[in-house]
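Content type CSV, C-alpha atoms and all ligand atoms, from the file run_38.csv:
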chain,number,residue,atom,x,y,z
A,1,MET,CA,-106.4,-29.0,-33.6
A,2,MET,CA,-106.7,-31.7,-36.2
A,3,LYS,CA,-110.0,-31.6,-38.2
A,4,LEU,CA,-111.8,-34.9,-37.8
A,5,PRO,CA,-114.5,-36.7,-39.8
A,6,SER,CA,-117.8,-37.3,-37.9
A,7,PHE,CA,-118.2,-40.6,-36.2
A,8,SER,CA,-121.5,-39.6,-34.7
A,9,GLY,CA,-123.5,-42.7,-33.7
A,10,LYS,CA,-120.6,-45.1,-34.2
A,11,THR,CA,-119.1,-47.2,-31.4
A,12,VAL,CA,-115.3,-47.3,-31.1
A,13,LEU,CA,-113.5,-49.6,-28.8
A,14,VAL,CA,-109.9,-48.7,-28.0
A,15,THR,CA,-107.5,-51.0,-26.0
A,16,GLY,CA,-104.6,-49.5,-24.2
A,17,ALA,CA,-106.7,-46.4,-23.8
A,18,SER,CA,-105.3,-45.4,-20.4
A,19,SER,CA,-102.1,-43.9,-21.9
A,20,GLY,CA,-100.2,-42.6,-24.9
A,21,ILE,CA,-101.5,-43.3,-28.4
A,22,GLY,CA,-104.6,-45.2,-27.1
A,23,ARG,CA,-105.6,-42.3,-24.8
A,24,GLU,CA,-105.2,-39.7,-27.6
A,25,THR,CA,-107.1,-42.0,-30.0
A,26,ALA,CA,-110.0,-42.5,-27.5
A,27,LEU,CA,-110.3,-38.7,-26.9
A,28,ALA,CA,-110.1,-38.0,-30.7
A,29,PHE,CA,-113.0,-40.4,-31.4
A,30,ALA,CA,-114.9,-38.8,-28.5
A,31,ARG,CA,-114.4,-35.4,-30.2
A,32,ALA,CA,-115.5,-36.9,-33.5
A,33,GLY,CA,-118.9,-37.8,-31.9
A,34,ALA,CA,-118.4,-41.5,-31.3
A,35,GLN,CA,-119.4,-43.6,-28.4
A,36,VAL,CA,-116.2,-44.7,-26.9
A,37,VAL,CA,-115.3,-47.9,-25.1
A,38,ILE,CA,-112.2,-47.3,-23.1
A,39,VAL,CA,-110.2,-50.4,-22.2
A,40,ALA,CA,-107.0,-51.1,-20.2
A,41,ARG,CA,-106.0,-52.4,-16.8
A,42,ARG,CA,-105.6,-49.3,-14.7
A,43,ALA,CA,-109.0,-48.1,-13.5
A,44,GLU,CA,-107.9,-44.7,-12.2
A,45,ALA,CA,-106.1,-43.7,-15.5
A,46,LEU,CA,-109.2,-44.9,-17.5
A,47,ALA,CA,-111.5,-42.8,-15.2
A,48,GLU,CA,-109.4,-39.7,-16.0
A,49,VAL,CA,-109.7,-40.4,-19.8
A,50,GLU,CA,-113.5,-40.9,-19.4
A,51,ALA,CA,-113.9,-37.7,-17.5
A,52,GLN,CA,-112.1,-35.7,-20.1
A,53,ALA,CA,-114.1,-37.4,-23.0
A,54,ARG,CA,-117.3,-36.5,-21.2
A,55,LYS,CA,-116.5,-33.0,-20.1
A,56,GLN,CA,-114.7,-31.7,-23.2
A,57,HIS,CA,-116.6,-33.7,-25.9
A,58,GLN,CA,-119.9,-34.7,-24.2
A,59,ALA,CA,-119.2,-38.2,-25.4
A,60,ARG,CA,-121.1,-41.3,-24.3
A,61,THR,CA,-118.4,-43.6,-22.8
A,62,LEU,CA,-118.0,-47.0,-21.3
A,63,VAL,CA,-114.9,-47.9,-19.2
A,64,VAL,CA,-113.9,-51.6,-19.1
A,65,THR,CA,-111.0,-52.6,-17.0
A,66,ALA,CA,-109.5,-55.6,-18.7
A,67,ASP,CA,-106.3,-57.4,-19.3
A,68,VAL,CA,-106.0,-58.3,-23.0
A,69,THR,CA,-103.9,-61.4,-22.2
A,70,ARG,CA,-107.0,-62.9,-20.5
A,71,PRO,CA,-109.4,-64.2,-23.1
A,72,ALA,CA,-112.3,-64.3,-20.7
A,73,GLN,CA,-111.8,-60.6,-19.9
A,74,VAL,CA,-111.6,-59.7,-23.6
A,75,ARG,CA,-114.9,-61.6,-24.2
A,76,ALA,CA,-116.5,-59.8,-21.3
A,77,CYS,CA,-115.3,-56.5,-22.7
A,78,PHE,CA,-117.0,-57.0,-26.0
A,79,ARG,CA,-120.2,-58.3,-24.3
A,80,GLU,CA,-120.4,-55.1,-22.2
A,81,ALA,CA,-119.8,-52.9,-25.3
A,82,VAL,CA,-122.5,-54.6,-27.3
A,83,ALA,CA,-124.9,-54.5,-24.3
A,84,ALA,CA,-124.2,-50.8,-23.8
A,85,PHE,CA,-124.2,-49.6,-27.4
A,86,GLY,CA,-125.7,-52.4,-29.5
A,87,GLY,CA,-122.5,-53.2,-31.5
A,88,VAL,CA,-118.9,-52.2,-32.1
A,89,ASP,CA,-118.1,-50.4,-35.4
A,90,VAL,CA,-114.4,-49.8,-34.9
A,91,VAL,CA,-111.8,-51.5,-32.8
A,92,VAL,CA,-108.4,-50.0,-32.3
A,93,ASN,CA,-106.2,-52.9,-31.1
A,94,ASN,CA,-103.5,-50.8,-29.5
A,95,ALA,CA,-102.5,-52.2,-26.1
A,96,GLY,CA,-98.8,-53.1,-26.1
A,97,ILE,CA,-95.6,-53.3,-24.0
A,98,LEU,CA,-91.9,-52.9,-24.7
A,99,ILE,CA,-89.1,-54.3,-22.6
A,100,PRO,CA,-85.8,-53.4,-24.3
A,101,SER,CA,-82.8,-55.8,-24.3
A,102,ARG,CA,-80.0,-56.9,-26.5
A,103,VAL,CA,-80.9,-60.3,-28.0
A,104,GLU,CA,-77.9,-61.9,-26.3
A,105,ASP,CA,-79.2,-60.8,-22.9
A,106,ILE,CA,-83.0,-61.0,-23.3
A,107,ARG,CA,-84.8,-63.0,-20.6
A,108,GLY,CA,-87.3,-65.6,-21.7
A,109,ALA,CA,-89.8,-64.2,-19.3
A,110,ASP,CA,-89.6,-60.7,-20.8
A,111,LEU,CA,-90.0,-62.0,-24.3
A,112,LYS,CA,-93.0,-64.1,-23.2
A,113,ALA,CA,-94.6,-61.1,-21.4
A,114,MET,CA,-94.3,-59.0,-24.6
A,115,LEU,CA,-95.7,-61.9,-26.7
A,116,ASP,CA,-98.6,-62.2,-24.3
A,117,VAL,CA,-99.7,-58.6,-24.7
A,118,ASN,CA,-98.5,-57.7,-28.2
A,119,LEU,CA,-99.4,-60.9,-30.0
A,120,PHE,CA,-101.8,-63.1,-27.9
A,121,GLY,CA,-103.7,-60.1,-26.5
A,122,ALA,CA,-104.1,-58.5,-29.9
A,123,LEU,CA,-105.2,-61.9,-31.3
A,124,TYR,CA,-108.0,-62.3,-28.6
A,125,VAL,CA,-109.2,-58.8,-29.4
A,126,MET,CA,-109.2,-59.6,-33.2
A,127,GLN,CA,-111.2,-62.8,-32.6
A,128,GLN,CA,-113.8,-61.1,-30.5
A,129,ALA,CA,-114.0,-58.1,-32.8
A,130,ALA,CA,-114.5,-60.4,-35.8
A,131,LYS,CA,-117.3,-62.4,-34.0
A,132,VAL,CA,-119.3,-59.2,-33.2
A,133,MET,CA,-118.6,-57.7,-36.6
A,134,ARG,CA,-119.6,-60.8,-38.6
A,135,LYS,CA,-122.9,-60.8,-36.8
A,136,GLN,CA,-123.6,-57.1,-37.5
A,137,GLY,CA,-122.1,-57.3,-41.0
A,138,HIS,CA,-119.5,-54.6,-40.9
A,139,GLY,CA,-116.6,-53.0,-39.0
A,140,ASN,CA,-113.0,-51.8,-39.0
A,141,ILE,CA,-110.2,-53.3,-36.9
A,142,VAL,CA,-107.0,-51.3,-36.7
A,143,ASN,CA,-104.0,-53.2,-35.3
A,144,VAL,CA,-101.3,-50.9,-34.0
A,145,ALA,CA,-98.0,-52.7,-34.7
A,146,SER,CA,-94.7,-50.8,-35.3
A,147,LEU,CA,-92.2,-49.9,-37.9
A,148,GLY,CA,-90.0,-52.2,-35.7
A,149,GLY,CA,-92.3,-55.0,-37.0
A,150,ARG,CA,-90.9,-54.4,-40.5
A,151,ARG,CA,-87.3,-53.9,-39.7
A,152,ALA,CA,-85.6,-54.7,-36.3
A,153,PHE,CA,-82.7,-53.1,-34.6
A,154,SER,CA,-81.0,-53.4,-31.2
A,155,PRO,CA,-82.0,-53.1,-28.4
A,156,ILE,CA,-85.6,-53.8,-29.3
A,157,GLY,CA,-85.1,-57.2,-31.1
A,158,GLY,CA,-87.6,-59.0,-28.8
A,159,TYR,CA,-90.2,-56.4,-29.1
A,160,SER,CA,-89.7,-56.3,-32.9
A,161,ALA,CA,-90.2,-60.0,-33.1
A,162,THR,CA,-93.7,-59.7,-31.4
A,163,LYS,CA,-94.6,-56.9,-33.9
A,164,PHE,CA,-93.4,-58.9,-36.9
A,165,ALA,CA,-95.7,-61.7,-35.6
A,166,LEU,CA,-98.6,-59.3,-35.2
A,167,ILE,CA,-98.1,-58.1,-38.8
A,168,GLY,CA,-98.2,-61.7,-40.1
A,169,LEU,CA,-101.3,-62.4,-38.2
A,170,THR,CA,-103.0,-59.3,-39.5
A,171,GLU,CA,-102.1,-59.9,-43.1
A,172,ALA,CA,-103.7,-63.4,-43.0
A,173,PHE,CA,-106.7,-62.1,-41.0
A,174,ARG,CA,-107.2,-59.4,-43.6
A,175,MET,CA,-107.4,-62.0,-46.3
A,176,GLU,CA,-109.8,-64.1,-44.3
A,177,LEU,CA,-112.1,-61.1,-44.2
A,178,ALA,CA,-112.0,-60.5,-48.0
A,179,GLY,CA,-115.5,-60.2,-49.5
A,180,THR,CA,-117.0,-58.9,-46.3
A,181,ASP,CA,-117.6,-55.4,-45.1
A,182,ILE,CA,-115.1,-55.9,-42.3
A,183,HIS,CA,-111.7,-54.3,-42.8
A,184,ALA,CA,-108.4,-55.0,-41.0
A,185,SER,CA,-105.8,-52.3,-41.1
A,186,LEU,CA,-102.2,-52.1,-39.9
A,187,VAL,CA,-100.8,-48.9,-38.5
A,188,LEU,CA,-97.0,-48.9,-38.1
A,189,PRO,CA,-95.7,-46.0,-35.9
A,190,GLY,CA,-92.1,-45.0,-35.8
A,191,VAL,CA,-90.8,-43.4,-32.5
A,192,ILE,CA,-93.7,-41.6,-30.8
A,193,GLU,CA,-93.6,-39.3,-27.8
A,194,THR,CA,-95.6,-41.3,-25.2
A,195,PRO,CA,-95.0,-42.8,-21.7
A,196,MET,CA,-93.7,-45.9,-23.4
A,197,TYR,CA,-90.8,-44.0,-25.0
A,198,GLU,CA,-90.1,-42.1,-21.8
A,199,ARG,CA,-90.0,-45.3,-19.7
A,200,THR,CA,-88.0,-47.3,-22.2
A,201,ALA,CA,-85.4,-44.5,-22.8
A,202,ALA,CA,-85.1,-44.0,-19.0
A,203,SER,CA,-84.6,-47.8,-18.4
A,204,ASP,CA,-82.2,-48.5,-21.2
A,205,GLY,CA,-79.2,-46.3,-21.8
A,206,GLU,CA,-78.5,-47.8,-25.2
A,207,LEU,CA,-82.0,-46.9,-26.5
A,208,GLY,CA,-81.9,-43.5,-25.0
A,209,ALA,CA,-78.6,-42.8,-26.6
A,210,LEU,CA,-79.7,-44.3,-30.0
A,211,TRP,CA,-82.8,-42.2,-30.5
A,212,PRO,CA,-83.0,-38.6,-29.1
A,213,LYS,CA,-86.3,-37.5,-27.7
A,214,ALA,CA,-86.2,-34.3,-29.7
A,215,LEU,CA,-87.0,-36.3,-32.9
A,216,ASN,CA,-90.0,-38.1,-31.5
A,217,MET,CA,-93.3,-37.7,-33.4
A,218,PRO,CA,-96.5,-36.7,-31.6
A,219,ALA,CA,-99.2,-39.3,-30.8
A,220,ASP,CA,-101.5,-37.1,-32.9
A,221,TRP,CA,-99.8,-38.3,-36.1
A,222,VAL,CA,-100.7,-41.9,-35.2
A,223,VAL,CA,-104.3,-40.8,-34.4
A,224,ALA,CA,-104.5,-39.2,-37.9
A,225,ALA,CA,-103.2,-42.5,-39.5
A,226,ILE,CA,-105.8,-44.5,-37.5
A,227,PHE,CA,-108.6,-42.2,-38.6
A,228,ALA,CA,-107.5,-42.5,-42.3
A,229,ALA,CA,-107.2,-46.3,-42.0
A,230,VAL,CA,-110.8,-46.5,-40.8
A,231,ARG,CA,-112.3,-43.8,-43.1
A,232,PHE,CA,-110.7,-45.2,-46.3
A,233,ASN,CA,-110.5,-48.9,-45.3
A,234,LEU,CA,-106.7,-48.8,-45.8
A,235,ARG,CA,-104.7,-51.9,-45.5
A,236,GLU,CA,-101.5,-50.4,-44.1
A,237,LEU,CA,-100.2,-47.0,-43.1
A,238,SER,CA,-96.9,-46.0,-41.5
A,239,VAL,CA,-96.0,-43.0,-39.4
A,240,PRO,CA,-94.3,-41.1,-40.9
A,241,PRO,CA,-95.9,-42.0,-44.2
A,242,GLY,CA,-93.6,-43.9,-46.6
A,243,ALA,CA,-91.4,-45.3,-43.8
A,244,GLY,CA,-93.0,-48.8,-44.1
A,245,GLU,CA,-92.4,-48.9,-47.8
A,246,ILE,CA,-88.7,-48.0,-47.3
A,247,SER,CA,-88.4,-50.8,-44.7
A,248,LYS,CA,-89.8,-53.3,-47.3
A,249,LEU,CA,-87.3,-52.1,-49.9
A,250,LEU,CA,-84.4,-52.4,-47.3
A,251,ALA,CA,-85.4,-56.1,-46.8
A,252,VAL,CA,-84.0,-56.8,-50.3
A,253,ALA,CA,-80.5,-55.7,-49.2
A,254,PRO,CA,-80.2,-56.2,-45.4
A,255,GLY,CA,-76.5,-55.0,-45.3
A,256,ILE,CA,-77.5,-51.7,-46.7
A,257,GLY,CA,-80.4,-51.6,-44.2
A,258,ASP,CA,-78.0,-52.1,-41.3
A,259,SER,CA,-75.7,-49.3,-42.5
A,260,LEU,CA,-78.6,-46.9,-43.2
A,261,ILE,CA,-80.0,-47.5,-39.7
A,262,ARG,CA,-76.6,-46.8,-38.2
A,263,MET,CA,-76.2,-43.7,-40.3
A,264,MET,CA,-79.7,-42.5,-39.5
A,265,THR,CA,-79.4,-42.9,-35.7
A,266,GLY,CA,-75.9,-41.2,-35.9
A,267,ALA,CA,-77.4,-38.3,-37.8
A,268,ALA,CA,-80.3,-38.1,-35.4
A,269,ARG,CA,-78.0,-37.9,-32.4
A,270,ALA,CA,-75.9,-35.2,-34.1
A,271,ALA,CA,-79.0,-33.2,-35.0
A,272,SER,CA,-80.2,-33.4,-31.4
A,273,LYS,CA,-76.9,-32.3,-30.0
A,274,LEU,CA,-76.9,-29.3,-32.4
A,275,LYS,CA,-80.4,-28.4,-31.3
A,276,ARG,CA,-79.4,-28.5,-27.6
A,277,SER,CA,-76.3,-26.4,-28.1
A,278,ARG,CA,-78.2,-23.6,-29.9
A,279,PRO,CA,-78.9,-20.7,-27.5
A,301,LIG,N1,-94.5,-45.0,-28.5
A,301,LIG,C1,-93.9,-45.5,-29.6
A,301,LIG,O1,-92.8,-45.0,-30.0
A,301,LIG,C2,-94.5,-46.6,-30.4
A,301,LIG,C3,-93.9,-46.9,-31.6
A,301,LIG,C4,-94.5,-48.0,-32.4
A,301,LIG,C5,-95.6,-48.7,-31.9
A,301,LIG,N2,-96.1,-48.4,-30.7
A,301,LIG,C6,-97.2,-49.2,-30.2
A,301,LIG,O2,-98.3,-48.3,-29.9
A,301,LIG,C7,-99.1,-48.9,-28.9
A,301,LIG,C8,-99.4,-47.9,-27.8
A,301,LIG,O3,-98.1,-47.6,-27.2
A,301,LIG,P1,-97.8,-46.2,-26.4
A,301,LIG,O4,-96.6,-45.7,-26.9
A,301,LIG,O5,-99.1,-45.4,-26.4
A,301,LIG,O6,-97.6,-46.9,-25.0
A,301,LIG,P2,-98.1,-46.6,-23.5
A,301,LIG,O7,-98.2,-45.1,-23.3
A,301,LIG,O8,-97.2,-47.3,-22.6
A,301,LIG,O9,-99.5,-47.2,-23.5
A,301,LIG,C9,-99.7,-48.6,-23.5
A,301,LIG,C10,-101.1,-49.0,-23.2
A,301,LIG,O10,-101.3,-50.4,-23.3
A,301,LIG,C11,-102.0,-50.8,-22.1
A,301,LIG,N3,-101.7,-52.2,-21.8
A,301,LIG,C12,-100.5,-52.7,-21.5
A,301,LIG,N4,-100.6,-54.0,-21.2
A,301,LIG,C13,-101.9,-54.3,-21.2
A,301,LIG,C14,-102.7,-55.4,-20.9
A,301,LIG,N5,-102.1,-56.6,-20.6
A,301,LIG,N6,-104.1,-55.4,-21.1
A,301,LIG,C15,-104.7,-54.2,-21.4
A,301,LIG,N7,-104.0,-53.1,-21.7
A,301,LIG,C16,-102.6,-53.1,-21.6
A,301,LIG,C17,-101.6,-49.8,-21.0
A,301,LIG,O11,-102.6,-49.7,-20.1
A,301,LIG,P3,-102.6,-50.3,-18.6
A,301,LIG,O12,-101.2,-50.3,-18.1
A,301,LIG,O13,-103.6,-49.4,-17.8
A,301,LIG,O14,-103.2,-51.7,-18.8
A,301,LIG,C18,-101.5,-48.5,-21.9
A,301,LIG,O15,-102.8,-47.9,-21.9
A,301,LIG,C19,-98.4,-50.2,-28.5
A,301,LIG,O16,-98.9,-51.3,-29.1
A,301,LIG,C20,-97.0,-49.9,-28.9
A,301,LIG,O17,-96.2,-51.1,-29.1
A,301,LIG,C21,-95.6,-47.4,-29.9

Could you express the structure from this file as structure tokens?
Amino acid sequence: MMKLPSFSGKTVLVTGASSGIGRETALAFARAGAQVVIVARRAEALAEVEAQARKQHQARTLVVTADVTRPAQVRACFREAVAAFGGVDVVVNNAGILIPSRVEDIRGADLKAMLDVNLFGALYVMQQAAKVMRKQGHGNIVNVASLGGRRAFSPIGGYSATKFALIGLTEAFRMELAGTDIHASLVLPGVIETPMYERTAASDGELGALWPKALNMPADWVVAAIFAAVRFNLRELSVPPGAGEISKLLAVAPGIGDSLIRMMTGAARAASKLKRSRP
């Protein structure tokens, strides 16, 4: 089990906490002694996360069912958190959705739905977080974007576009906060083993064939990056480390980037086949 720094007495609000990375993040902060505000839409799934946080880690928790695409619900969520715990020290802005499609076929409604959650939802959370944190004079906001927000590939072009946009918003936001004790970080995960991957691979043959499940990274790796971002006020971290920097270098020569991605996914498929064929 990962060793965690103490967050005793701190209040941490996690969006998208009913599943995957958000769920693991909320439970890890509970284990680190924080008061955890657990936010998503599905009340039943949130109740299960809360029960585990309380039973295993004796954490103080608050469940708020909210849709991040609704500004009024996001405002209410921060109001409830401040009323319950007196402030919010850390916000993990993690709620997100992925609807895979080739760019040629993407439906406008699907791209809009992704923009609504991944960009506008994240924006409403950032705005409310900044409001509370400016009042209390400190805080950390961690935006969970994606390596796909630094370099896109098919069939996740639409999703990547929303994460490129979120990265842009976060870079400017970070600069607006300069000189304060409020820090905005970007965490950029690669392919992580969560229900999002399972759903996406199952619904889209192209993606399932492109990236084998055996090579997925555990959600714990993202949790470790989130903890590091908060503890050391880091601007940007990728999972695995260094992958974000490689993506930036590849932007200088896009043709080489295309070839490398094709080679990498080909090698990944070959490695996965080899693993499966071993007795
Ligand atoms: N898994 C990966 O490979 C990967 C890679 C890079 C980046 N990411 C990013 O990491 C984040 C977490 O993804 P995950 O893999 O953990 O996915 P996941 O298991 O599908 O969890 C997504 C979470 O977002 C919540 N959510 C979705 N729409 C929402 C809305 N409108 N309002 C409030 N909450 C909402 C969901 O809860 P409800 O349905 O209960 O609302 C759920 O808790 C996302 O931002 C994703 O883009 C994931």

Closest contacts (chain A/ligand LIG 301 (chain A), max 6 Å, only C-alpha atoms and all ligand atoms) as CSV:
residue,atom,partner,partner_atom,distance
A:Thr15,CA,A:LIG301,N7,5.9
A:Gly16,CA,A:LIG301,O15,3.3
A:Ala17,CA,A:LIG301,O15,4.6
A:Ser18,CA,A:LIG301,O15,3.8
A:Ser19,CA,A:LIG301,O15,4.1
A:Gly20,CA,A:LIG301,O5,3.4
A:Ile21,CA,A:LIG301,O5,3.8
A:Gly22,CA,A:LIG301,O5,5.5
A:Ala40,CA,A:LIG301,N7,3.9
A:Arg41,CA,A:LIG301,O14,3.5
A:Arg42,CA,A:LIG301,O13,3.7
A:Ala66,CA,A:LIG301,C15,5.7
A:Asp67,CA,A:LIG301,N6,3.5
A:Val68,CA,A:LIG301,N6,4.0
A:Thr69,CA,A:LIG301,N5,5.4
A:Asn94,CA,A:LIG301,O16,4.6
A:Ala95,CA,A:LIG301,O10,3.5
A:Gly96,CA,A:LIG301,O16,3.5
A:Ile97,CA,A:LIG301,C12,5.5
A:Val117,CA,A:LIG301,N5,5.2
A:Val144,CA,A:LIG301,O16,5.5
A:Ala145,CA,A:LIG301,C5,5.4
A:Ser146,CA,A:LIG301,C4,4.0
A:Pro189,CA,A:LIG301,C4,4.2
A:Gly190,CA,A:LIG301,C3,4.9
A:Val191,CA,A:LIG301,O1,3.6
A:Ile192,CA,A:LIG301,O1,3.6
A:Glu193,CA,A:LIG301,N1,5.8
A:Thr194,CA,A:LIG301,O4,4.8
A:Pro195,CA,A:LIG301,O7,4.3
A:Met196,CA,A:LIG301,O8,3.9
A:Tyr197,CA,A:LIG301,N1,5.2

Residue subset to file, keeping C-alpha atoms, as an mmCIF file, in the coordinates of the input:
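The result, stored in selection_7.cif:
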data_model
loop_
_atom_site.group_PDB
_atom_site.id
_atom_site.type_symbol
_atom_site.label_atom_id
_atom_site.label_comp_id
_atom_site.auth_asym_id
_atom_site.auth_seq_id
_atom_site.Cartn_x
_atom_site.Cartn_y
_atom_site.Cartn_z
ATOM 1 C CA THR A 15 -107.500 -51.000 -26.000
ATOM 2 C CA GLY A 16 -104.600 -49.500 -24.200
ATOM 3 C CA ALA A 17 -106.700 -46.400 -23.800
ATOM 4 C CA SER A 18 -105.300 -45.400 -20.400
ATOM 5 C CA SER A 19 -102.100 -43.900 -21.900
ATOM 6 C CA GLY A 20 -100.200 -42.600 -24.900
ATOM 7 C CA ILE A 21 -101.500 -43.300 -28.400
ATOM 8 C CA GLY A 22 -104.600 -45.200 -27.100
ATOM 9 C CA ALA A 40 -107.000 -51.100 -20.200
ATOM 10 C CA ARG A 41 -106.000 -52.400 -16.800
ATOM 11 C CA ARG A 42 -105.600 -49.300 -14.700
ATOM 12 C CA ALA A 66 -109.500 -55.600 -18.700
ATOM 13 C CA ASP A 67 -106.300 -57.400 -19.300
ATOM 14 C CA VAL A 68 -106.000 -58.300 -23.000
ATOM 15 C CA THR A 69 -103.900 -61.400 -22.200
ATOM 16 C CA ASN A 94 -103.500 -50.800 -29.500
ATOM 17 C CA ALA A 95 -102.500 -52.200 -26.100
ATOM 18 C CA GLY A 96 -98.800 -53.100 -26.100
ATOM 19 C CA ILE A 97 -95.600 -53.300 -24.000
ATOM 20 C CA VAL A 117 -99.700 -58.600 -24.700
ATOM 21 C CA VAL A 144 -101.300 -50.900 -34.000
ATOM 22 C CA ALA A 145 -98.000 -52.700 -34.700
ATOM 23 C CA SER A 146 -94.700 -50.800 -35.300
ATOM 24 C CA PRO A 189 -95.700 -46.000 -35.900
ATOM 25 C CA GLY A 190 -92.100 -45.000 -35.800
ATOM 26 C CA VAL A 191 -90.800 -43.400 -32.500
ATOM 27 C CA ILE A 192 -93.700 -41.600 -30.800
ATOM 28 C CA GLU A 193 -93.600 -39.300 -27.800
ATOM 29 C CA THR A 194 -95.600 -41.300 -25.200
ATOM 30 C CA PRO A 195 -95.000 -42.800 -21.700
ATOM 31 C CA MET A 196 -93.700 -45.900 -23.400
ATOM 32 C CA TYR A 197 -90.800 -44.000 -25.000
#

From the list A:Ala267, A:Thr170, A:Lys3, A:Gly158, which residue is nearest Ile106 (chain A) when using all atoms listed in the file?
A:Gly158

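The shortest atom-to-atom distance to Val132 (chain A), with all atoms listed in the file taken into account, belongs to A:Val88 out of A:Leu13, A:Ala81, A:Val88, A:Ala47.
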
Mind listing as a ChimeraX atom specification all residues within 7 Å of (-107.1, -62.1, -36.6), counting only C-alpha atoms?
/A:123,126-127,169-170,173

Judged by all atoms listed in the file, the minimum distance to Val90 (chain A) among A:Asn140, A:Ser160, A:Ser277, A:Ser247 is found for A:Asn140

Minimum-distance residue to Pro71 (chain A), chosen among A:Asp116, A:Asp220, A:Glu245, A:Glu176 (using all atoms listed in the file):
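Nearest candidate to Pro71 (chain A) out of A:Asp116, A:Asp220, A:Glu245, A:Glu176: A:Asp116.
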
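Coordinates place CA of Arg235 (chain A) at a distance of 28.3 Å from CA of Trp211 (chain A).
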
Taking N, CA and C atoms as the atom set, what does region 1-16 of chain A look like once completed, written as a CSV table (one decimal), keeping the file's coordinate frame?
chain,number,residue,atom,x,y,z
A,1,MET,N,-105.7,-27.7,-33.9
A,1,MET,CA,-106.4,-29.0,-33.6
A,1,MET,C,-106.8,-29.6,-34.9
A,2,MET,N,-106.4,-30.9,-35.0
A,2,MET,CA,-106.7,-31.7,-36.2
A,2,MET,C,-108.2,-31.7,-36.5
A,3,LYS,N,-108.6,-31.5,-37.9
A,3,LYS,CA,-110.0,-31.6,-38.2
A,3,LYS,C,-110.4,-33.1,-38.4
A,4,LEU,N,-111.5,-33.5,-37.8
A,4,LEU,CA,-111.8,-34.9,-37.8
A,4,LEU,C,-113.1,-35.2,-38.5
A,5,PRO,N,-113.2,-36.3,-39.2
A,5,PRO,CA,-114.5,-36.7,-39.8
A,5,PRO,C,-115.5,-37.0,-38.7
A,6,SER,N,-116.8,-37.0,-39.0
A,6,SER,CA,-117.8,-37.3,-37.9
A,6,SER,C,-117.9,-38.8,-37.7
A,7,PHE,N,-117.9,-39.2,-36.5
A,7,PHE,CA,-118.2,-40.6,-36.2
A,7,PHE,C,-119.4,-40.7,-35.3
A,8,SER,N,-120.3,-39.7,-35.5
A,8,SER,CA,-121.5,-39.6,-34.7
A,8,SER,C,-122.3,-40.9,-34.8
A,9,GLY,N,-122.7,-41.5,-33.7
A,9,GLY,CA,-123.5,-42.7,-33.7
A,9,GLY,C,-122.7,-44.0,-33.8
A,10,LYS,N,-121.4,-43.9,-34.0
A,10,LYS,CA,-120.6,-45.1,-34.2
A,10,LYS,C,-120.0,-45.4,-32.8
A,11,THR,N,-119.8,-46.7,-32.6
A,11,THR,CA,-119.1,-47.2,-31.4
A,11,THR,C,-117.7,-47.6,-31.7
A,12,VAL,N,-116.8,-47.0,-30.9
A,12,VAL,CA,-115.3,-47.3,-31.1
A,12,VAL,C,-114.7,-47.8,-29.8
A,13,LEU,N,-114.1,-49.0,-29.9
A,13,LEU,CA,-113.5,-49.6,-28.8
A,13,LEU,C,-112.0,-49.5,-28.9
A,14,VAL,N,-111.3,-48.9,-27.9
A,14,VAL,CA,-109.9,-48.7,-28.0
A,14,VAL,C,-109.2,-49.4,-26.8
A,15,THR,N,-108.3,-50.4,-27.1
A,15,THR,CA,-107.5,-51.0,-26.0
A,15,THR,C,-106.2,-50.2,-25.8
A,16,GLY,N,-105.7,-50.3,-24.6
A,16,GLY,CA,-104.6,-49.5,-24.2
A,16,GLY,C,-104.9,-48.0,-24.2
